[in-house]
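Trainee: Sending over a structure as structure tokens; questions will come in a sec.
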Amino acid sequence: MLKIAINSIDQLPATAQQLLAAFPQERFFAFFGKMGVGKTTLIKEICIALGVKDTVCSPTFAIVNEYMSGEDEPVYHFDFYRLKSVAEAYDIGYEEYFYSGNYCFTEWTEKVEELLPDHYVRVDLQEEEGRRTLAAELINNA
């Protein structure tokens with residue numbers, strides 16, 4: 001398990017690098033945490049670390065945004081906050097994204113937890129008294 005104390009926003013580029021380095025073979029990262037804890041901000045930094053040149057923003061209304069990495073590979077960023085039911089994830093064809101082998105980053109993952117692949121990195125962000133912590137672990141339910 002990877003644990004990182006994030007004391008300032010200036011640490012986010014290094015945090016993104018540490019997260020990717022800790023799980024170099026993994027492509028699916030499921031983010032969990034309360035609203036405002038920094039999920040989108042951290043995903044932006046991870047995308048920068050992957051060489052994404054596009055503007056990275058929360059796909060709250062679109063549900064999924066696609067970016068191109070520095071390796072010219074798709075990077076998928078999901079925000080399931082507005083989903084009213086799991087059926088909506090089926091409607092957007094989540095399987096094609098989740099099982100593509102490309103980087104996938106999900107926010108509000110708890111709304112689609114039953115659809116997650118058997119193998120993924122769970123990233124929990126928490127905030128206590130103005131200090132944020134990240135805990136990441138590989139989940140393998142296969």
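Residues are referred to by chain and number: the chain letter is A, B, ... according to the order shown in the structure tokens, the number counts from 1 in that chain, and ligands are numbered separately from 1 in the order shown.
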Extract, using only C-alpha atoms, all DNA, RNA and protein residues at most 10 Å from Gln126 (chain A), discarding same-chain residues fewer than 6 positions from it, and format them as an MDAnalysis selection string.

Mentor: chainID A and resid 5:6 32:34 36:39 132:135

Trainee: Counting only C-alpha atoms, what is within 12 Å of Ile92 (chain A), bar same-chain residues fewer than 2 positions away, as a CSV table (one decimal) with N, CA and C atoms, in the first residue's frame?

Mentor:
chain,number,residue,atom,x,y,z
A,62,ALA,N,-20.4,15.6,-19.0
A,62,ALA,CA,-20.1,14.6,-20.1
A,62,ALA,C,-20.0,13.2,-19.6
A,63,ILE,N,-19.7,13.0,-18.4
A,63,ILE,CA,-19.4,11.7,-17.7
A,63,ILE,C,-18.0,11.2,-18.0
A,64,VAL,N,-17.6,11.3,-19.3
A,64,VAL,CA,-16.3,10.9,-19.6
A,64,VAL,C,-15.6,11.9,-20.6
A,65,ASN,N,-14.3,12.2,-20.3
A,65,ASN,CA,-13.5,13.0,-21.2
A,65,ASN,C,-12.4,12.1,-21.7
A,78,PHE,N,-13.3,9.7,-16.0
A,78,PHE,CA,-14.8,9.6,-15.7
A,78,PHE,C,-15.2,10.4,-14.4
A,80,PHE,N,-18.6,10.1,-12.3
A,80,PHE,CA,-20.0,9.5,-12.2
A,80,PHE,C,-20.9,10.2,-11.2
A,83,LEU,N,-24.6,10.4,-12.2
A,83,LEU,CA,-25.3,9.2,-12.6
A,83,LEU,C,-26.4,8.9,-11.6
A,86,VAL,N,-26.8,2.8,-12.3
A,86,VAL,CA,-25.8,2.0,-13.0
A,86,VAL,C,-26.1,1.8,-14.5
A,87,ALA,N,-27.4,1.8,-14.8
A,87,ALA,CA,-27.8,1.6,-16.2
A,87,ALA,C,-27.2,2.7,-17.1
A,88,GLU,N,-27.0,3.9,-16.5
A,88,GLU,CA,-26.5,5.0,-17.3
A,88,GLU,C,-25.0,4.7,-17.7
A,89,ALA,N,-24.3,4.0,-16.9
A,89,ALA,CA,-22.9,3.6,-17.2
A,89,ALA,C,-22.9,2.6,-18.4
A,90,TYR,N,-23.9,1.7,-18.4
A,90,TYR,CA,-24.1,0.8,-19.5
A,90,TYR,C,-24.4,1.5,-20.8
A,94,TYR,N,-19.5,1.7,-20.9
A,94,TYR,CA,-18.4,1.7,-20.0
A,94,TYR,C,-17.4,0.6,-20.3
A,95,GLU,N,-17.8,-0.6,-20.7
A,95,GLU,CA,-16.9,-1.7,-20.9
A,95,GLU,C,-15.8,-1.4,-21.9
A,96,GLU,N,-16.2,-0.7,-22.9
A,96,GLU,CA,-15.2,-0.3,-24.0
A,96,GLU,C,-14.0,0.5,-23.4
A,97,TYR,N,-14.4,1.3,-22.4
A,97,TYR,CA,-13.3,2.2,-21.8
A,97,TYR,C,-12.6,1.4,-20.7
A,98,PHE,N,-13.4,0.8,-19.8
A,98,PHE,CA,-12.8,0.1,-18.6
A,98,PHE,C,-11.8,-1.0,-19.0

Trainee: So how many Å separate CA of Glu26 (chain A) and CA of Ile9 (chain A), to one decimal?

Mentor: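 Calculated distance between CA of Glu26 (chain A) and CA of Ile9 (chain A) is 24.6 Å.
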
Trainee: Give me the residues near region 99-106 of chain A as a ChimeraX atom specification, where near means some atom within 7 Å (using only C-alpha atoms) and where sequence neighbours in that chain fewer than 2 positions away do not count.

Mentor: /A:27-31,74-79,95-97,108-109

Trainee: Can you list, as a VMD selection string, every protein, DNA or RNA residue that comes within 9 Å of Val56 (chain A) when you count only C-alpha atoms, leaving out same-chain residues fewer than 4 positions away?

Mentor: chain A and resid 40 43 to 45 47 to 48 52 65 67 77

Trainee: Using only N, CA and C atoms, please write the residues we just selected to a file, as a CSV table (one decimal), in the first residue's frame.

Mentor:
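Full text of result_6.csv as output:
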chain,number,residue,atom,x,y,z
A,40,THR,N,-10.2,15.6,-8.7
A,40,THR,CA,-10.0,16.1,-10.0
A,40,THR,C,-8.6,16.8,-10.2
A,43,ILE,N,-6.0,14.1,-10.5
A,43,ILE,CA,-6.1,13.5,-11.8
A,43,ILE,C,-5.5,14.4,-12.9
A,44,LYS,N,-5.7,15.7,-12.8
A,44,LYS,CA,-5.1,16.7,-13.7
A,44,LYS,C,-3.5,16.5,-13.6
A,45,GLU,N,-3.0,16.4,-12.5
A,45,GLU,CA,-1.5,16.3,-12.3
A,45,GLU,C,-1.0,14.9,-12.9
A,47,CYS,N,-2.4,13.3,-15.3
A,47,CYS,CA,-2.5,13.5,-16.8
A,47,CYS,C,-1.3,14.3,-17.3
A,48,ILE,N,-0.9,15.3,-16.6
A,48,ILE,CA,0.3,16.1,-17.0
A,48,ILE,C,1.5,15.2,-16.9
A,52,VAL,N,-0.2,14.5,-21.2
A,52,VAL,CA,-1.4,15.0,-21.8
A,52,VAL,C,-1.3,16.5,-22.0
A,65,ASN,N,-14.3,12.2,-20.3
A,65,ASN,CA,-13.5,13.0,-21.2
A,65,ASN,C,-12.4,12.1,-21.7
A,67,TYR,N,-8.6,12.2,-23.4
A,67,TYR,CA,-7.4,13.0,-23.6
A,67,TYR,C,-6.4,12.1,-24.4
A,77,HIS,N,-11.1,9.8,-18.5
A,77,HIS,CA,-11.4,10.4,-17.2
A,77,HIS,C,-12.9,10.5,-17.0

Trainee: Would you mind reading off the distance between CA of Val112 (chain A) and CA of Gln17 (chain A), one decimal, in Å?

Mentor: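 Computed distance, CA of Val112 (chain A) to CA of Gln17 (chain A), equals 26.5 Å.
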
Trainee: Which residues in region 16-61 of chain A does DSSP call strand (DSSP E)? List them as an MDAnalysis selection string.

Mentor: chainID A and resid 28:32

Trainee: Take the residues from that selection and put them in a file with N, CA and C atoms, as a PDB file, in the first residue's frame.

Mentor:
ATOM      1  N   PHE A  28      -5.898   1.211 -14.550  1.00  0.00           N
ATOM      2  CA  PHE A  28      -7.211   1.602 -14.040  1.00  0.00           C
ATOM      3  C   PHE A  28      -7.058   2.077 -12.599  1.00  0.00           C
ATOM      4  N   PHE A  29      -7.398   3.351 -12.366  1.00  0.00           N
ATOM      5  CA  PHE A  29      -7.280   3.967 -11.056  1.00  0.00           C
ATOM      6  C   PHE A  29      -8.654   4.484 -10.640  1.00  0.00           C
ATOM      7  N   ALA A  30      -9.197   3.924  -9.570  1.00  0.00           N
ATOM      8  CA  ALA A  30     -10.522   4.289  -9.062  1.00  0.00           C
ATOM      9  C   ALA A  30     -10.344   5.195  -7.845  1.00  0.00           C
ATOM     10  N   PHE A  31     -10.819   6.428  -7.976  1.00  0.00           N
ATOM     11  CA  PHE A  31     -10.654   7.424  -6.913  1.00  0.00           C
ATOM     12  C   PHE A  31     -11.895   7.498  -6.032  1.00  0.00           C
ATOM     13  N   PHE A  32     -11.642   7.557  -4.726  1.00  0.00           N
ATOM     14  CA  PHE A  32     -12.695   7.665  -3.733  1.00  0.00           C
ATOM     15  C   PHE A  32     -12.360   8.827  -2.815  1.00  0.00           C
TER      16      PHE A  32
END

Trainee: Would you mind writing down, as a PyMOL selection string, each residue of chain A that DSSP on the backbone assigns to alpha helix (DSSP H)?

Mentor: chain A and resi 12-22+39-49+86-91+94-98

Trainee: Suppose we keep N, CA and C atoms; can you now write the selection as a short mmCIF file (atom, residue, chain, number, x, y, z; two decimals), in the first residue's frame?

Mentor:
data_model
loop_
_atom_site.label_atom_id
_atom_site.label_comp_id
_atom_site.auth_asym_id
_atom_site.auth_seq_id
_atom_site.Cartn_x
_atom_site.Cartn_y
_atom_site.Cartn_z
N LEU A 12 1.51 18.12 -5.39
CA LEU A 12 0.72 17.28 -6.29
C LEU A 12 1.50 16.73 -7.48
N PRO A 13 2.37 17.49 -8.13
CA PRO A 13 3.13 16.87 -9.22
C PRO A 13 3.96 15.66 -8.74
N ALA A 14 4.62 15.80 -7.60
CA ALA A 14 5.40 14.69 -7.05
C ALA A 14 4.49 13.54 -6.63
N THR A 15 3.33 13.87 -6.07
CA THR A 15 2.37 12.83 -5.66
C THR A 15 1.91 12.04 -6.88
N ALA A 16 1.61 12.73 -7.97
CA ALA A 16 1.18 12.06 -9.20
C ALA A 16 2.28 11.12 -9.70
N GLN A 17 3.52 11.59 -9.68
CA GLN A 17 4.64 10.76 -10.12
C GLN A 17 4.81 9.54 -9.22
N GLN A 18 4.67 9.73 -7.91
CA GLN A 18 4.81 8.62 -6.97
C GLN A 18 3.72 7.57 -7.20
N LEU A 19 2.50 8.03 -7.44
CA LEU A 19 1.39 7.10 -7.66
C LEU A 19 1.63 6.28 -8.91
N LEU A 20 2.01 6.92 -10.00
CA LEU A 20 2.28 6.19 -11.24
C LEU A 20 3.47 5.25 -11.09
N ALA A 21 4.50 5.68 -10.39
CA ALA A 21 5.69 4.85 -10.19
C ALA A 21 5.41 3.64 -9.30
N ALA A 22 4.51 3.79 -8.34
CA ALA A 22 4.18 2.69 -7.43
C ALA A 22 3.39 1.59 -8.13
N LYS A 39 -9.84 15.16 -5.87
CA LYS A 39 -9.75 14.07 -6.85
C LYS A 39 -9.42 14.60 -8.25
N THR A 40 -10.20 15.56 -8.70
CA THR A 40 -9.99 16.11 -10.04
C THR A 40 -8.62 16.77 -10.16
N THR A 41 -8.23 17.51 -9.15
CA THR A 41 -6.95 18.21 -9.18
C THR A 41 -5.80 17.22 -9.27
N LEU A 42 -5.87 16.13 -8.54
CA LEU A 42 -4.82 15.11 -8.61
C LEU A 42 -4.83 14.42 -9.97
N ILE A 43 -6.00 14.12 -10.50
CA ILE A 43 -6.08 13.48 -11.82
C ILE A 43 -5.48 14.41 -12.88
N LYS A 44 -5.69 15.71 -12.76
CA LYS A 44 -5.07 16.66 -13.69
C LYS A 44 -3.55 16.51 -13.65
N GLU A 45 -2.99 16.42 -12.46
CA GLU A 45 -1.53 16.26 -12.31
C GLU A 45 -1.04 14.94 -12.87
N ILE A 46 -1.82 13.88 -12.68
CA ILE A 46 -1.45 12.58 -13.24
C ILE A 46 -1.44 12.66 -14.76
N CYS A 47 -2.45 13.31 -15.32
CA CYS A 47 -2.50 13.46 -16.78
C CYS A 47 -1.31 14.26 -17.29
N ILE A 48 -0.92 15.31 -16.58
CA ILE A 48 0.27 16.07 -16.96
C ILE A 48 1.49 15.17 -16.94
N ALA A 49 1.60 14.33 -15.91
CA ALA A 49 2.73 13.39 -15.81
C ALA A 49 2.73 12.40 -16.97
N VAL A 86 -26.85 2.76 -12.32
CA VAL A 86 -25.77 2.03 -12.99
C VAL A 86 -26.10 1.84 -14.47
N ALA A 87 -27.38 1.79 -14.79
CA ALA A 87 -27.79 1.61 -16.19
C ALA A 87 -27.21 2.70 -17.08
N GLU A 88 -27.04 3.91 -16.54
CA GLU A 88 -26.46 5.00 -17.33
C GLU A 88 -25.02 4.69 -17.72
N ALA A 89 -24.28 3.98 -16.90
CA ALA A 89 -22.91 3.59 -17.23
C ALA A 89 -22.93 2.59 -18.39
N TYR A 90 -23.92 1.69 -18.37
CA TYR A 90 -24.08 0.77 -19.49
C TYR A 90 -24.39 1.54 -20.77
N ASP A 91 -25.22 2.58 -20.65
CA ASP A 91 -25.62 3.37 -21.82
C ASP A 91 -24.43 4.06 -22.50
N TYR A 94 -19.52 1.70 -20.90
CA TYR A 94 -18.38 1.73 -19.97
C TYR A 94 -17.37 0.62 -20.25
N GLU A 95 -17.83 -0.56 -20.71
CA GLU A 95 -16.94 -1.70 -20.90
C GLU A 95 -15.83 -1.39 -21.89
N GLU A 96 -16.16 -0.66 -22.95
CA GLU A 96 -15.16 -0.33 -23.96
C GLU A 96 -14.04 0.50 -23.37
N TYR A 97 -14.36 1.35 -22.43
CA TYR A 97 -13.35 2.18 -21.77
C TYR A 97 -12.61 1.39 -20.70
N PHE A 98 -13.37 0.78 -19.79
CA PHE A 98 -12.79 0.11 -18.63
C PHE A 98 -11.83 -1.01 -19.03
#

Trainee: Residues within 8 Å of Asn140 (chain A), please, as a ChimeraX atom specification. Count only C-alpha atoms; anything in the same chain fewer than 2 positions from it doesn't count.

Mentor: /A:118-120,138,142

Trainee: Generate a file of the selected residues that holds C-alpha atoms, formatted as a tab-separated table (two decimals), in the first residue's frame.

Mentor:
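So out32.tsv came out as:
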chain	number	residue	atom	x	y	z
A	118	ASP	CA	-11.43	-7.36	-11.05
A	119	HIS	CA	-8.01	-5.69	-11.07
A	120	TYR	CA	-7.51	-1.97	-10.35
A	138	LEU	CA	-3.89	-2.73	-5.77
A	142	ALA	CA	-9.78	-12.31	-9.78
